[in-house]
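Student: Just dropping this structure here.
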Amino acid sequence: MRYTMRKLLRSLVVPAAAAIGLCSSGVAFAGQDCVAYGNGATAEFQAYGEVLRITDDSADGHSAVAQINYGDGLKTYWNPNGQGTTRTIDLEVPEGTRVDVRACVGEYDGYRIYTESCSLYKVGIA
């Protein structure tokens, strides 16, 4: 009975952690990097130095977009430079701050984000 209950609990916990998009082991600690893969874009938060990288992964004519939520709200950063390019942004995030990141694509001209292309938010810690 004990084995069955453990197995049942594990089957519920693992999908729940995946659904909210935790990076690494799912345990939040200072210095946790995070990568979000969208449909045609990648957004990577590097805790050391508080760096955000946005990569355009697809020759689809759309720009890569990273949305990052921390501190005083949601911020949107664009990489309109085409497939295979990466834009690096130095952020100012206080140490120990939770950082939620997602990757999307959109139209840089007009700043329209295609939300259906967005990844789940991934969690990092500065």
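Identifiers for the structure tokens are assigned positionally: chains receive A, B, ... in sequence, residues are indexed from 1 per chain, and ligands are indexed from 1 in the order shown.
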Neighbouring residues of segment 72-78 of chain A were defined as those with any atom within 12 Å, considering only C-alpha atoms; residues of the same chain fewer than 6 positions away were excluded. Please report them as a ChimeraX atom specification.

Tutor: /A:41-44,52-56,62-66,85-94,97-113,121

Student: What is the distance, in Å and to one decimal place, between atom CA of Asp57 of chain A and atom CA of Tyr70 of chain A?

Tutor: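 So the answer is 24.9 Å.
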
Student: So how many Å separate atom CA of Ile125 of chain A and atom CA of Gln32 of chain A, to one decimal?

Tutor: 4.8 Å

Student: For Cys34 of chain A, which residue among A:Gln83, A:Thr115, A:Gln67, A:Gln46 is the nearest when counting only C-alpha atoms?

Tutor: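 Among A:Gln83, A:Thr115, A:Gln67, A:Gln46, it is A:Gln46 that comes nearest to Cys34 of chain A.
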
Student: Go ahead and compute the interatomic distance for atom CA of Tyr114 of chain A and atom CA of Asn39 of chain A, in Å to one decimal.

Tutor: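 Between atom CA of Tyr114 of chain A and atom CA of Asn39 of chain A the gap is 9.9 Å.
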
Student: Could you pull the residues within 9 Å of Tyr48 of chain A, counting only C-alpha atoms, minus those fewer than 5 positions along the same chain, as number ranges by chain?

Tutor: A: 31-33, 126

Student: Just C-alpha atoms for this one: save the residues we selected as a PDB file, in the first residue's frame.

Tutor:
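The resulting file, selection_27.pdb, is shown below:
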ATOM      1  CA  GLY A  31      21.675  31.966  -8.662  1.00  0.00           C
ATOM      2  CA  GLN A  32      19.205  29.784 -10.566  1.00  0.00           C
ATOM      3  CA  ASP A  33      19.499  30.103 -14.360  1.00  0.00           C
ATOM      4  CA  ALA A 126      18.853  36.336  -9.517  1.00  0.00           C
TER       5      ALA A 126
END
